[in-house]
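*Asks:* The structure file input_10.cif (mmCIF, C-alpha atoms) is provided below.
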```
data_structure
#
loop_
_atom_site.group_PDB
_atom_site.id
_atom_site.type_symbol
_atom_site.label_atom_id
_atom_site.label_comp_id
_atom_site.auth_asym_id
_atom_site.auth_seq_id
_atom_site.Cartn_x
_atom_site.Cartn_y
_atom_site.Cartn_z
ATOM 1 C CA MET A 1 64.298 282.860 135.205
ATOM 2 C CA SER A 2 61.815 284.553 137.526
ATOM 3 C CA LEU A 3 59.624 282.836 140.093
ATOM 4 C CA GLU A 4 56.641 283.382 137.797
ATOM 5 C CA ASP A 5 58.312 281.265 135.110
ATOM 6 C CA ILE A 6 58.897 278.239 137.353
ATOM 7 C CA PRO A 7 55.613 276.477 136.401
ATOM 8 C CA SER A 8 56.331 276.756 132.667
ATOM 9 C CA GLU A 9 59.885 275.459 133.176
ATOM 10 C CA PHE A 10 58.528 272.679 135.383
ATOM 11 C CA ALA A 11 55.909 271.823 132.750
ATOM 12 C CA THR A 12 58.509 271.742 129.987
ATOM 13 C CA TYR A 13 60.872 269.577 132.052
ATOM 14 C CA PHE A 14 58.244 266.984 132.959
ATOM 15 C CA GLY A 15 56.314 267.279 129.693
ATOM 16 C CA ILE A 16 53.048 268.181 131.356
ATOM 17 C CA ASN A 17 50.390 270.817 130.879
ATOM 18 C CA GLU A 18 51.316 274.229 132.328
ATOM 19 C CA THR A 19 48.073 274.471 134.301
ATOM 20 C CA THR A 20 48.808 271.105 135.894
ATOM 21 C CA ALA A 21 52.296 272.313 136.787
ATOM 22 C CA GLN A 22 50.842 275.474 138.310
ATOM 23 C CA LEU A 23 48.397 273.448 140.402
ATOM 24 C CA MET A 24 51.068 270.967 141.529
ATOM 25 C CA LEU A 25 53.497 273.682 142.564
ATOM 26 C CA SER A 26 50.756 275.683 144.270
ATOM 27 C CA LEU A 27 49.765 272.625 146.274
ATOM 28 C CA VAL A 28 53.412 272.155 147.276
ATOM 29 C CA VAL A 29 53.608 275.758 148.536
ATOM 30 C CA ILE A 30 50.279 275.637 150.363
ATOM 31 C CA PHE A 31 50.914 272.255 151.989
ATOM 32 C CA THR A 32 54.466 273.222 152.944
ATOM 33 C CA LEU A 33 52.864 275.935 155.049
ATOM 34 C CA LEU A 34 49.739 274.040 156.069
ATOM 35 C CA LEU A 35 51.033 270.624 157.140
ATOM 36 C CA PRO A 36 53.420 271.862 159.887
ATOM 37 C CA THR A 37 50.640 274.190 161.043
ATOM 38 C CA MET A 38 48.177 271.301 161.194
ATOM 39 C CA TYR A 39 50.709 269.316 163.205
ATOM 40 C CA LEU A 40 51.470 272.168 165.602
ATOM 41 C CA ALA A 41 48.021 273.772 165.909
ATOM 42 C CA LYS A 42 45.577 271.353 167.435
ATOM 43 C CA GLY A 43 42.508 271.871 169.579
ATOM 44 C CA LYS A 44 39.387 273.946 169.529
ATOM 45 C CA ASN A 45 40.543 276.866 167.377
ATOM 46 C CA ALA A 46 42.789 274.853 165.070
ATOM 47 C CA VAL A 47 40.519 275.264 162.009
ATOM 48 C CA THR A 48 40.769 279.052 162.244
ATOM 49 C CA ILE A 49 44.559 278.865 162.255
ATOM 50 C CA TRP A 50 44.552 276.412 159.330
ATOM 51 C CA LEU A 51 42.293 278.767 157.383
ATOM 52 C CA ILE A 52 44.558 281.760 158.033
ATOM 53 C CA VAL A 53 47.605 279.795 156.863
ATOM 54 C CA THR A 54 45.716 278.529 153.795
ATOM 55 C CA PHE A 55 44.801 282.118 152.911
ATOM 56 C CA LEU A 56 48.432 283.189 153.298
ATOM 57 C CA GLY A 57 49.614 280.337 151.086
ATOM 58 C CA GLU A 58 47.001 281.186 148.468
ATOM 59 C CA CYS A 59 48.026 284.856 148.553
ATOM 60 C CA ILE A 60 51.607 283.802 147.779
ATOM 61 C CA VAL A 61 50.709 281.590 144.817
ATOM 62 C CA LEU A 62 48.177 284.115 143.502
ATOM 63 C CA GLY A 63 50.758 286.863 143.761
ATOM 64 C CA LEU A 64 53.160 284.700 141.775
ATOM 65 C CA GLY A 65 50.467 284.141 139.170
ATOM 66 C CA TRP A 66 50.525 280.384 139.614
ATOM 67 C CA LEU A 67 46.835 280.076 140.390
ATOM 68 C CA PRO A 68 43.793 281.787 138.874
ATOM 69 C CA PHE A 69 42.061 284.328 141.069
ATOM 70 C CA TRP A 70 38.772 282.456 141.406
ATOM 71 C CA ILE A 71 40.464 279.904 143.685
ATOM 72 C CA MET A 72 40.623 282.649 146.310
ATOM 73 C CA ILE A 73 36.919 283.475 145.793
ATOM 74 C CA MET A 74 36.120 279.785 146.231
ATOM 75 C CA THR A 75 38.071 279.602 149.489
ATOM 76 C CA ILE A 76 36.342 282.762 150.702
ATOM 77 C CA SER A 77 32.953 281.329 149.786
ATOM 78 C CA ILE A 78 33.627 278.096 151.682
ATOM 79 C CA THR A 79 34.969 280.034 154.691
ATOM 80 C CA ALA A 80 31.939 282.339 154.710
ATOM 81 C CA LEU A 81 29.627 279.307 154.520
ATOM 82 C CA GLY A 82 31.397 277.666 157.457
ATOM 83 C CA MET A 83 31.337 280.835 159.534
ATOM 84 C CA SER A 84 27.657 281.469 158.754
ATOM 85 C CA ILE A 85 26.690 277.925 159.770
ATOM 86 C CA THR A 86 28.624 278.267 163.061
ATOM 87 C CA ILE A 87 27.178 281.678 163.871
ATOM 88 C CA SER A 88 23.602 280.845 162.914
ATOM 89 C CA LYS A 89 23.835 277.705 165.071
ATOM 90 C CA ALA A 90 25.299 279.659 167.996
ATOM 91 C CA ILE A 91 22.663 282.411 167.851
ATOM 92 C CA GLY A 92 19.649 280.563 166.483
ATOM 93 C CA GLY A 93 20.220 277.388 168.455
ATOM 94 C CA MET B 1 12.616 278.703 164.029
ATOM 95 C CA GLY B 2 14.211 277.248 160.913
ATOM 96 C CA GLU B 3 13.389 280.336 158.898
ATOM 97 C CA TYR B 4 15.002 282.623 161.462
ATOM 98 C CA ARG B 5 18.067 280.450 161.412
ATOM 99 C CA GLY B 6 18.051 280.649 157.630
ATOM 100 C CA PHE B 7 17.754 284.427 157.890
ATOM 101 C CA LEU B 8 20.731 284.562 160.264
ATOM 102 C CA PHE B 9 22.675 282.263 157.970
ATOM 103 C CA ALA B 10 21.924 284.328 154.861
ATOM 104 C CA ILE B 11 22.785 287.641 156.450
ATOM 105 C CA THR B 12 26.029 286.411 158.052
ATOM 106 C CA PHE B 13 27.035 284.713 154.805
ATOM 107 C CA ILE B 14 26.587 287.906 152.794
ATOM 108 C CA ILE B 15 28.456 289.964 155.407
ATOM 109 C CA PHE B 16 31.375 287.529 155.680
ATOM 110 C CA PHE B 17 31.606 286.932 151.944
ATOM 111 C CA ALA B 18 31.574 290.632 151.053
ATOM 112 C CA GLY B 19 33.920 291.482 153.933
ATOM 113 C CA LEU B 20 36.470 288.849 152.956
ATOM 114 C CA VAL B 21 36.331 289.692 149.233
ATOM 115 C CA VAL B 22 36.875 293.398 149.954
ATOM 116 C CA ALA B 23 39.757 292.487 152.276
ATOM 117 C CA ILE B 24 41.716 290.786 149.497
ATOM 118 C CA PRO B 25 45.002 292.659 149.133
ATOM 119 C CA ALA B 26 45.255 294.924 146.081
ATOM 120 C CA GLY B 27 47.414 293.364 143.412
ATOM 121 C CA LEU B 28 46.097 289.858 143.847
ATOM 122 C CA GLU B 29 42.962 290.360 141.771
ATOM 123 C CA GLY B 30 44.490 289.032 138.592
ATOM 124 C CA GLN B 31 45.022 290.873 135.346
ATOM 125 C CA GLY B 32 41.769 292.776 135.233
ATOM 126 C CA LEU B 33 38.997 292.360 132.762
ATOM 127 C CA ASP B 34 38.918 292.442 129.022
ATOM 128 C CA PRO B 35 36.899 295.320 127.549
ATOM 129 C CA ASP B 36 34.280 292.969 126.204
ATOM 130 C CA GLY B 37 34.168 290.950 129.436
ATOM 131 C CA VAL B 38 31.911 292.383 132.081
ATOM 132 C CA THR B 39 29.281 294.825 130.850
ATOM 133 C CA PRO B 40 31.425 297.941 130.935
ATOM 134 C CA LEU B 41 30.589 300.143 133.884
ATOM 135 C CA ASP B 42 33.386 302.566 133.236
ATOM 136 C CA THR B 43 36.667 302.171 131.427
ATOM 137 C CA ALA B 44 38.456 303.459 134.527
ATOM 138 C CA ILE B 45 37.026 300.567 136.508
ATOM 139 C CA ILE B 46 38.035 298.047 133.875
ATOM 140 C CA PHE B 47 41.614 299.186 133.668
ATOM 141 C CA GLY B 48 41.910 300.423 137.238
ATOM 142 C CA PHE B 49 43.008 303.977 136.450
ATOM 143 C CA GLU B 50 42.094 306.759 138.822
ATOM 144 C CA ASP B 51 41.981 309.272 135.975
ATOM 145 C CA TYR B 52 42.162 308.733 132.255
ATOM 146 C CA GLU B 53 41.725 310.167 128.773
ATOM 147 C CA ASN B 54 40.193 307.960 126.114
ATOM 148 C CA TRP B 55 39.812 308.475 122.400
ATOM 149 C CA THR B 56 39.372 306.543 119.194
ATOM 150 C CA MET B 57 40.930 306.699 115.753
ATOM 151 C CA THR B 58 38.032 308.855 114.534
ATOM 152 C CA ALA B 59 39.088 311.586 116.973
ATOM 153 C CA LEU B 60 42.400 312.039 115.155
ATOM 154 C CA ASN B 61 42.761 315.142 112.979
ATOM 155 C CA PRO B 62 43.497 314.907 109.213
ATOM 156 C CA PHE B 63 47.217 314.634 110.023
ATOM 157 C CA ASP B 64 46.471 311.625 112.281
ATOM 158 C CA ILE B 65 47.277 313.578 115.424
ATOM 159 C CA TYR B 66 45.324 313.782 118.641
ATOM 160 C CA GLN B 67 46.151 316.430 121.234
ATOM 161 C CA TYR B 68 44.704 316.744 124.681
ATOM 162 C CA THR B 69 45.336 318.142 128.131
ATOM 163 C CA PHE B 70 45.592 315.561 130.838
ATOM 164 C CA ASN B 71 47.154 315.283 134.258
ATOM 165 C CA LEU B 72 48.444 318.893 134.153
ATOM 166 C CA ARG B 73 50.302 318.441 130.852
ATOM 167 C CA ASP B 74 49.484 318.866 127.180
ATOM 168 C CA TRP B 75 49.836 315.612 125.283
ATOM 169 C CA TRP B 76 50.458 314.751 121.665
ATOM 170 C CA PHE B 77 49.490 311.422 120.139
ATOM 171 C CA GLY B 78 50.338 310.549 116.577
ATOM 172 C CA HIS B 79 49.618 307.641 114.266
ATOM 173 C CA ILE B 80 52.533 308.080 111.906
ATOM 174 C CA TYR B 81 53.129 305.676 109.019
ATOM 175 C CA GLY B 82 51.406 302.854 110.834
ATOM 176 C CA THR B 83 53.239 303.441 114.105
ATOM 177 C CA ILE B 84 52.213 305.073 117.335
ATOM 178 C CA GLN B 85 54.205 307.886 118.861
ATOM 179 C CA PHE B 86 53.356 309.595 122.037
ATOM 180 C CA GLY B 87 54.642 312.386 124.224
ATOM 181 C CA ALA B 88 54.015 315.424 126.374
ATOM 182 C CA LYS B 89 54.491 318.805 124.748
ATOM 183 C CA ILE B 90 57.441 320.852 125.934
ATOM 184 C CA LEU B 91 55.996 324.304 126.432
ATOM 185 C CA TYR B 92 57.896 327.531 126.838
ATOM 186 C CA ALA B 93 56.507 330.170 129.169
ATOM 187 C CA GLY B 94 53.720 327.726 129.880
ATOM 188 C CA PHE B 95 51.976 328.041 126.507
ATOM 189 C CA LEU B 96 54.436 328.357 123.591
ATOM 190 C CA TRP B 97 54.995 325.098 121.774
ATOM 191 C CA PHE B 98 57.605 324.720 119.038
ATOM 192 C CA GLY B 99 56.884 321.112 118.247
ATOM 193 C CA GLN B 100 59.229 319.583 120.830
ATOM 194 C CA LEU B 101 58.047 316.537 122.686
ATOM 195 C CA ASP B 102 58.950 314.832 125.900
ATOM 196 C CA SER B 103 58.550 311.436 124.196
ATOM 197 C CA CYS B 104 57.432 308.337 126.030
ATOM 198 C CA GLU B 105 58.660 304.787 125.720
ATOM 199 C CA PHE B 106 56.185 301.918 125.687
ATOM 200 C CA ILE B 107 56.913 299.173 128.219
ATOM 201 C CA SER B 108 54.800 296.090 127.579
ATOM 202 C CA SER B 109 52.986 294.239 130.357
ATOM 203 C CA GLU B 110 55.760 291.641 130.165
ATOM 204 C CA GLY B 111 58.364 294.339 130.808
ATOM 205 C CA ILE B 112 59.704 294.575 127.246
ATOM 206 C CA ASN B 113 60.782 298.064 126.272
ATOM 207 C CA ARG B 114 59.260 298.765 122.830
ATOM 208 C CA GLY B 115 60.958 302.140 122.473
ATOM 209 C CA TYR B 116 59.135 305.339 121.612
ATOM 210 C CA VAL B 117 57.866 304.156 118.220
ATOM 211 C CA LEU B 118 55.318 301.402 118.553
ATOM 212 C CA GLY B 119 54.622 299.296 115.466
ATOM 213 C CA SER B 120 51.663 297.094 114.649
ATOM 214 C CA GLU B 121 53.741 293.894 114.870
ATOM 215 C CA GLU B 122 54.795 294.802 118.415
ATOM 216 C CA ILE B 123 51.213 295.630 119.348
ATOM 217 C CA ASP B 124 50.048 292.258 118.017
ATOM 218 C CA ALA B 125 52.811 290.513 119.953
ATOM 219 C CA ASP B 126 51.816 292.266 123.194
ATOM 220 C CA ALA B 127 48.049 292.100 122.764
ATOM 221 C CA GLU B 128 45.789 289.529 124.295
ATOM 222 C CA ASN B 129 42.237 289.252 122.947
ATOM 223 C CA GLY B 130 42.624 292.576 121.190
ATOM 224 C CA THR B 131 43.958 294.496 124.182
ATOM 225 C CA ALA B 132 47.526 295.712 124.617
ATOM 226 C CA ASN B 133 48.642 297.294 127.887
ATOM 227 C CA TYR B 134 51.751 299.447 128.241
ATOM 228 C CA ASN B 135 53.412 301.471 130.918
ATOM 229 C CA LEU B 136 54.607 304.819 129.641
ATOM 230 C CA ARG B 137 58.045 306.068 130.617
ATOM 231 C CA TYR B 138 59.572 309.395 129.682
ATOM 232 C CA LEU B 139 62.442 308.790 127.291
ATOM 233 C CA VAL B 140 64.678 311.461 128.816
ATOM 234 C CA ASN B 141 64.523 310.741 132.518
ATOM 235 C CA GLY B 142 62.749 307.376 132.744
ATOM 236 C CA ALA B 143 60.007 308.801 134.972
ATOM 237 C CA ASP B 144 56.569 307.207 134.979
ATOM 238 C CA ALA B 145 54.096 308.818 132.562
ATOM 239 C CA GLY B 146 51.116 306.596 133.327
ATOM 240 C CA GLY B 147 49.586 303.674 131.515
ATOM 241 C CA PHE B 148 48.502 303.276 127.921
ATOM 242 C CA VAL B 149 45.960 300.789 126.664
ATOM 243 C CA LEU B 150 44.822 300.228 123.129
ATOM 244 C CA TYR B 151 42.110 297.803 122.208
ATOM 245 C CA TRP B 152 40.052 296.767 119.237
ATOM 246 C CA ASN B 153 37.374 294.255 118.384
ATOM 247 C CA SER B 154 39.480 291.144 117.861
ATOM 248 C CA THR B 155 36.479 289.295 116.430
ATOM 249 C CA ALA B 156 36.096 291.816 113.622
ATOM 250 C CA TYR B 157 39.785 292.463 113.005
ATOM 251 C CA GLU B 158 42.409 289.784 113.131
ATOM 252 C CA SER B 159 45.338 292.129 113.741
ATOM 253 C CA SER B 160 45.864 295.647 115.004
ATOM 254 C CA ALA B 161 46.904 296.724 111.492
ATOM 255 C CA ASP B 162 43.451 295.744 110.157
ATOM 256 C CA ALA B 163 41.775 297.654 112.984
ATOM 257 C CA PHE B 164 43.970 300.695 112.303
ATOM 258 C CA LEU B 165 43.026 300.550 108.617
ATOM 259 C CA ALA B 166 39.351 300.500 109.570
ATOM 260 C CA ASP B 167 39.847 303.405 112.041
ATOM 261 C CA ASP B 168 38.404 301.215 114.758
ATOM 262 C CA VAL B 169 40.969 301.280 117.550
ATOM 263 C CA ASN B 170 40.351 302.693 121.025
ATOM 264 C CA PHE B 171 43.019 304.288 123.189
ATOM 265 C CA ILE B 172 43.254 305.043 126.872
ATOM 266 C CA HIS B 173 45.919 307.032 128.634
ATOM 267 C CA GLY B 174 45.517 306.686 132.372
ATOM 268 C CA VAL B 175 47.344 307.628 135.506
ATOM 269 C CA GLY B 176 47.366 306.440 139.063
ATOM 270 C CA ILE B 177 46.584 302.764 138.833
ATOM 271 C CA ALA B 178 44.355 302.294 141.814
ATOM 272 C CA SER B 179 46.376 301.180 144.794
ATOM 273 C CA THR B 180 43.288 300.470 146.845
ATOM 274 C CA ALA B 181 41.257 297.378 146.232
ATOM 275 C CA PRO B 182 37.659 298.663 146.022
ATOM 276 C CA VAL B 183 37.763 299.827 142.374
ATOM 277 C CA ASP B 184 38.952 296.471 141.139
ATOM 278 C CA ILE B 185 36.816 294.626 143.656
ATOM 279 C CA THR B 186 33.708 296.363 142.318
ATOM 280 C CA SER B 187 34.274 295.067 138.809
ATOM 281 C CA LEU B 188 35.211 291.723 140.286
ATOM 282 C CA LEU B 189 31.946 291.420 142.229
ATOM 283 C CA VAL B 190 29.942 292.515 139.187
ATOM 284 C CA GLY B 191 31.852 289.936 137.141
ATOM 285 C CA LEU B 192 31.126 287.252 139.730
ATOM 286 C CA LEU B 193 27.399 287.970 139.779
ATOM 287 C CA LEU B 194 27.113 288.271 135.986
ATOM 288 C CA LEU B 195 28.965 284.962 135.578
ATOM 289 C CA GLN B 196 31.844 286.703 133.835
ATOM 290 C CA LEU B 197 34.633 286.374 136.355
ATOM 291 C CA PRO B 198 37.917 286.762 134.458
ATOM 292 C CA ASN B 199 39.786 283.542 133.652
ATOM 293 C CA CYS B 200 37.150 281.486 135.440
ATOM 294 C CA PRO B 201 35.250 278.575 133.871
ATOM 295 C CA PRO B 202 31.527 279.496 133.657
ATOM 296 C CA LEU B 203 30.457 276.442 135.660
ATOM 297 C CA VAL B 204 32.813 277.323 138.521
ATOM 298 C CA ASN B 205 31.574 280.920 138.333
ATOM 299 C CA LEU B 206 28.003 279.641 138.570
ATOM 300 C CA LEU B 207 28.910 277.549 141.646
ATOM 301 C CA LEU B 208 30.523 280.604 143.252
ATOM 302 C CA ALA B 209 27.624 282.948 142.466
ATOM 303 C CA THR B 210 24.795 280.581 143.451
ATOM 304 C CA PRO B 211 25.212 280.884 147.268
ATOM 305 C CA VAL B 212 25.289 284.681 146.986
ATOM 306 C CA TYR B 213 22.147 284.775 144.849
ATOM 307 C CA THR B 214 20.429 282.216 147.093
ATOM 308 C CA ALA B 215 21.208 284.233 150.218
ATOM 309 C CA VAL B 216 19.956 287.476 148.641
ATOM 310 C CA VAL B 217 16.752 285.889 147.336
ATOM 311 C CA PHE B 218 16.105 284.231 150.685
ATOM 312 C CA LEU B 219 16.628 287.544 152.500
ATOM 313 C CA ILE B 220 14.203 289.353 150.188
ATOM 314 C CA TRP B 221 11.615 286.588 150.597
ATOM 315 C CA PHE B 222 12.036 286.590 154.383
ATOM 316 C CA ILE B 223 11.724 290.380 154.674
ATOM 317 C CA ILE B 224 8.600 290.430 152.501
ATOM 318 C CA LYS B 225 7.115 287.532 154.473
ATOM 319 C CA GLU B 226 7.768 289.182 157.829
ATOM 320 C CA SER B 227 6.453 292.546 156.734
ATOM 321 C CA MET B 228 3.214 291.023 155.426
ATOM 322 C CA PRO B 229 1.755 288.716 158.089
ATOM 323 C CA PHE B 230 -0.937 287.259 155.785
ATOM 324 C CA VAL B 231 1.638 285.792 153.353
#
```
Take the structure in the file and give it back as structure tokens.
*Replies:*
Amino acid sequence: MSLEDIPSEFATYFGINETTAQLMLSLVVIFTLLLPTMYLAKGKNAVTIWLIVTFLGECIVLGLGWLPFWIMIMTISITALGMSITISKAIGG
Amino acid sequence: MGEYRGFLFAITFIIFFAGLVVAIPAGLEGQGLDPDGVTPLDTAIIFGFEDYENWTMTALNPFDIYQYTFNLRDWWFGHIYGTIQFGAKILYAGFLWFGQLDSCEFISSEGINRGYVLGSEEIDADAENGTANYNLRYLVNGADAGGFVLYWNSTAYESSADAFLADDVNFIHGVGIASTAPVDITSLLVGLLLLQLPNCPPLVNLLLATPVYTAVVFLIWFIIKESMPFV
């Protein structure tokens, strides 16, 4: 069994939809990385660090084929929105 | 003041969005697009080959053979008794060919070795929405011989055998699957903006494309407004 097959095995074992299994396992991977980071990285630049770790976690689950690619586009879109708001506030006042 | 802030917002959003999308590591873009997905720009973009040869069943000669020169070798493609066989010609003195082939094995996208004779049942088993992707491997030494894609209109023909009977199958032999992201990213961005992102629900695609369209429209409006003071 390869890592890519884990969601289907998980889905079969628990009798759930494969997409649900993929989402559940992806959340486990991402939060395993993110929660300790959120605990350790606090302060002014914490959000940037959280975002970097979230991206890394998403890269792992995307690479494994557990999540569809558009999740990454969505994260990028939200990040770009956040950065644009911050920058336009900083420059435009 | 609000409009200038909007202008700053739109321009930084477009820059950050495009920059981050282009920075996505190659290999994470998913499985590529189906031929009837995004309005085809170029088959090389769709399948990510740097160089390719494409042909259809109608290009085959009366003996159901297609021969071509590609990637510094002469190739032989045959549709023999409903199967596909494929190989590079073994030439003597650089031009004499006595019918010997350096045959290629077909490795499916799931890593199954289909051997050097590919049947319609195997194609149907490997195909998704009328597209079957294979890696080609020389039978003798196991070296990489590129990629092979065959596709047909799955709406018109239920199975590959039907499409073969109707002479309506397309083939692509490509080499050098792009290791850099931009080729795939181009089709991805086009797919995003045309609401045809692969494996993405249309509503989610619409939500993802709306901020990009809004920012572009706002920028155009702002530039026109600033360049024409009476507006």
*Asks:* Would you please work out which residue, of B:Ala18, B:Val175, B:Met57, B:Ile80, is nearest to chain A when using all atoms listed in the file?
*Replies:*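 Of B:Ala18, B:Val175, B:Met57, B:Ile80, the one nearest chain A, counting all atoms listed in the file, is B:Ala18.
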*Asks:* Distance table requested - chain A against chain B, cut-off 10 Å, all atoms listed in the file: one row per qualifying residue with the closest atom pair and its distance in Å to one decimal, ordered by chain and rising residue number, as JSON lines.
*Replies:*
```
{"residue": "A:Phe55", "atom": "CA", "partner": "B:Ile24", "partner_atom": "CA", "distance": 9.8}
{"residue": "A:Glu58", "atom": "CA", "partner": "B:Leu28", "partner_atom": "CA", "distance": 9.9}
{"residue": "A:Cys59", "atom": "CA", "partner": "B:Leu28", "partner_atom": "CA", "distance": 7.1}
{"residue": "A:Ile60", "atom": "CA", "partner": "B:Leu28", "partner_atom": "CA", "distance": 9.1}
{"residue": "A:Val61", "atom": "CA", "partner": "B:Leu28", "partner_atom": "CA", "distance": 9.5}
{"residue": "A:Leu62", "atom": "CA", "partner": "B:Leu28", "partner_atom": "CA", "distance": 6.1}
{"residue": "A:Gly63", "atom": "CA", "partner": "B:Leu28", "partner_atom": "CA", "distance": 5.5}
{"residue": "A:Leu64", "atom": "CA", "partner": "B:Leu28", "partner_atom": "CA", "distance": 9.0}
{"residue": "A:Gly65", "atom": "CA", "partner": "B:Gly30", "partner_atom": "CA", "distance": 7.7}
{"residue": "A:Leu67", "atom": "CA", "partner": "B:Gly30", "partner_atom": "CA", "distance": 9.4}
{"residue": "A:Pro68", "atom": "CA", "partner": "B:Asn199", "partner_atom": "CA", "distance": 6.8}
{"residue": "A:Phe69", "atom": "CA", "partner": "B:Gly30", "partner_atom": "CA", "distance": 5.8}
{"residue": "A:Trp70", "atom": "CA", "partner": "B:Cys200", "partner_atom": "CA", "distance": 6.3}
{"residue": "A:Ile71", "atom": "CA", "partner": "B:Cys200", "partner_atom": "CA", "distance": 9.0}
{"residue": "A:Met72", "atom": "CA", "partner": "B:Val21", "partner_atom": "CA", "distance": 8.8}
{"residue": "A:Ile73", "atom": "CA", "partner": "B:Val21", "partner_atom": "CA", "distance": 7.1}
{"residue": "A:Met74", "atom": "CA", "partner": "B:Leu208", "partner_atom": "CA", "distance": 6.4}
{"residue": "A:Thr75", "atom": "CA", "partner": "B:Leu208", "partner_atom": "CA", "distance": 9.8}
{"residue": "A:Ile76", "atom": "CA", "partner": "B:Phe17", "partner_atom": "CA", "distance": 6.4}
{"residue": "A:Ser77", "atom": "CA", "partner": "B:Phe17", "partner_atom": "CA", "distance": 6.2}
{"residue": "A:Ile78", "atom": "CA", "partner": "B:Phe17", "partner_atom": "CA", "distance": 9.1}
{"residue": "A:Thr79", "atom": "CA", "partner": "B:Phe17", "partner_atom": "CA", "distance": 8.2}
{"residue": "A:Ala80", "atom": "CA", "partner": "B:Phe16", "partner_atom": "CA", "distance": 5.3}
{"residue": "A:Leu81", "atom": "CA", "partner": "B:Phe13", "partner_atom": "CA", "distance": 6.0}
{"residue": "A:Gly82", "atom": "CA", "partner": "B:Phe13", "partner_atom": "CA", "distance": 8.7}
{"residue": "A:Met83", "atom": "CA", "partner": "B:Phe13", "partner_atom": "CA", "distance": 7.5}
{"residue": "A:Ser84", "atom": "CA", "partner": "B:Phe9", "partner_atom": "CA", "distance": 5.1}
{"residue": "A:Ile85", "atom": "CA", "partner": "B:Phe9", "partner_atom": "CA", "distance": 6.2}
{"residue": "A:Thr86", "atom": "CA", "partner": "B:Phe9", "partner_atom": "CA", "distance": 8.8}
{"residue": "A:Ile87", "atom": "CA", "partner": "B:Phe9", "partner_atom": "CA", "distance": 7.4}
{"residue": "A:Ser88", "atom": "CA", "partner": "B:Phe9", "partner_atom": "CA", "distance": 5.2}
{"residue": "A:Lys89", "atom": "CA", "partner": "B:Arg5", "partner_atom": "CA", "distance": 7.4}
{"residue": "A:Ala90", "atom": "CA", "partner": "B:Arg5", "partner_atom": "CA", "distance": 9.8}
{"residue": "A:Ile91", "atom": "CA", "partner": "B:Leu8", "partner_atom": "CA", "distance": 8.1}
{"residue": "A:Gly92", "atom": "CA", "partner": "B:Arg5", "partner_atom": "CA", "distance": 5.3}
{"residue": "A:Gly93", "atom": "CA", "partner": "B:Arg5", "partner_atom": "CA", "distance": 8.0}
```
*Asks:* Create the file for the chosen residues now, containing C-alpha atoms and written as an mmCIF file, in the coordinates of the input.
*Replies:*
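After the write, again_34.cif holds the following:
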```cif
data_model
loop_
_atom_site.group_PDB
_atom_site.id
_atom_site.type_symbol
_atom_site.label_atom_id
_atom_site.label_comp_id
_atom_site.auth_asym_id
_atom_site.auth_seq_id
_atom_site.Cartn_x
_atom_site.Cartn_y
_atom_site.Cartn_z
ATOM 1 C CA PHE A 55 44.801 282.118 152.911
ATOM 2 C CA GLU A 58 47.001 281.186 148.468
ATOM 3 C CA CYS A 59 48.026 284.856 148.553
ATOM 4 C CA ILE A 60 51.607 283.802 147.779
ATOM 5 C CA VAL A 61 50.709 281.590 144.817
ATOM 6 C CA LEU A 62 48.177 284.115 143.502
ATOM 7 C CA GLY A 63 50.758 286.863 143.761
ATOM 8 C CA LEU A 64 53.160 284.700 141.775
ATOM 9 C CA GLY A 65 50.467 284.141 139.170
ATOM 10 C CA LEU A 67 46.835 280.076 140.390
ATOM 11 C CA PRO A 68 43.793 281.787 138.874
ATOM 12 C CA PHE A 69 42.061 284.328 141.069
ATOM 13 C CA TRP A 70 38.772 282.456 141.406
ATOM 14 C CA ILE A 71 40.464 279.904 143.685
ATOM 15 C CA MET A 72 40.623 282.649 146.310
ATOM 16 C CA ILE A 73 36.919 283.475 145.793
ATOM 17 C CA MET A 74 36.120 279.785 146.231
ATOM 18 C CA THR A 75 38.071 279.602 149.489
ATOM 19 C CA ILE A 76 36.342 282.762 150.702
ATOM 20 C CA SER A 77 32.953 281.329 149.786
ATOM 21 C CA ILE A 78 33.627 278.096 151.682
ATOM 22 C CA THR A 79 34.969 280.034 154.691
ATOM 23 C CA ALA A 80 31.939 282.339 154.710
ATOM 24 C CA LEU A 81 29.627 279.307 154.520
ATOM 25 C CA GLY A 82 31.397 277.666 157.457
ATOM 26 C CA MET A 83 31.337 280.835 159.534
ATOM 27 C CA SER A 84 27.657 281.469 158.754
ATOM 28 C CA ILE A 85 26.690 277.925 159.770
ATOM 29 C CA THR A 86 28.624 278.267 163.061
ATOM 30 C CA ILE A 87 27.178 281.678 163.871
ATOM 31 C CA SER A 88 23.602 280.845 162.914
ATOM 32 C CA LYS A 89 23.835 277.705 165.071
ATOM 33 C CA ALA A 90 25.299 279.659 167.996
ATOM 34 C CA ILE A 91 22.663 282.411 167.851
ATOM 35 C CA GLY A 92 19.649 280.563 166.483
ATOM 36 C CA GLY A 93 20.220 277.388 168.455
#
```
*Asks:* List as a ChimeraX atom specification the residues having at least one atom at most 12 Å from position (56.7, 318.1, 119.0) as given in the file, counting all atoms listed in the file.
*Replies:* /B:65,67,74-78,85-91,96-103
*Asks:* Compile the contact shell of A:Glu18 as a list of chain:residue names: residues with an atom at most 7 Å away, counting all atoms listed in the file, same-chain residues fewer than 5 positions apart removed.
*Replies:*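 Within the cut-off, the hits are A:Pro7, A:Ser8, A:Ala11.
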*Asks:* Quick one, how far is atom CA of B:Phe164 from atom CA of B:Gly82?
*Replies:* 7.9 Å
*Asks:* Separation of atom CA of A:Leu3 and atom CA of B:Ala145, in Å?
*Replies:*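 That distance, rounded to one decimal, is 27.6 Å.
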*Asks:* Which residues, written as a ChimeraX atom specification, have at least one atom at most 10 Å from A:Val29, with all atoms listed in the file counted and residues fewer than 3 positions away on the same chain left out?
*Replies:* /A:23-26,32-34,54,57-58,60-61
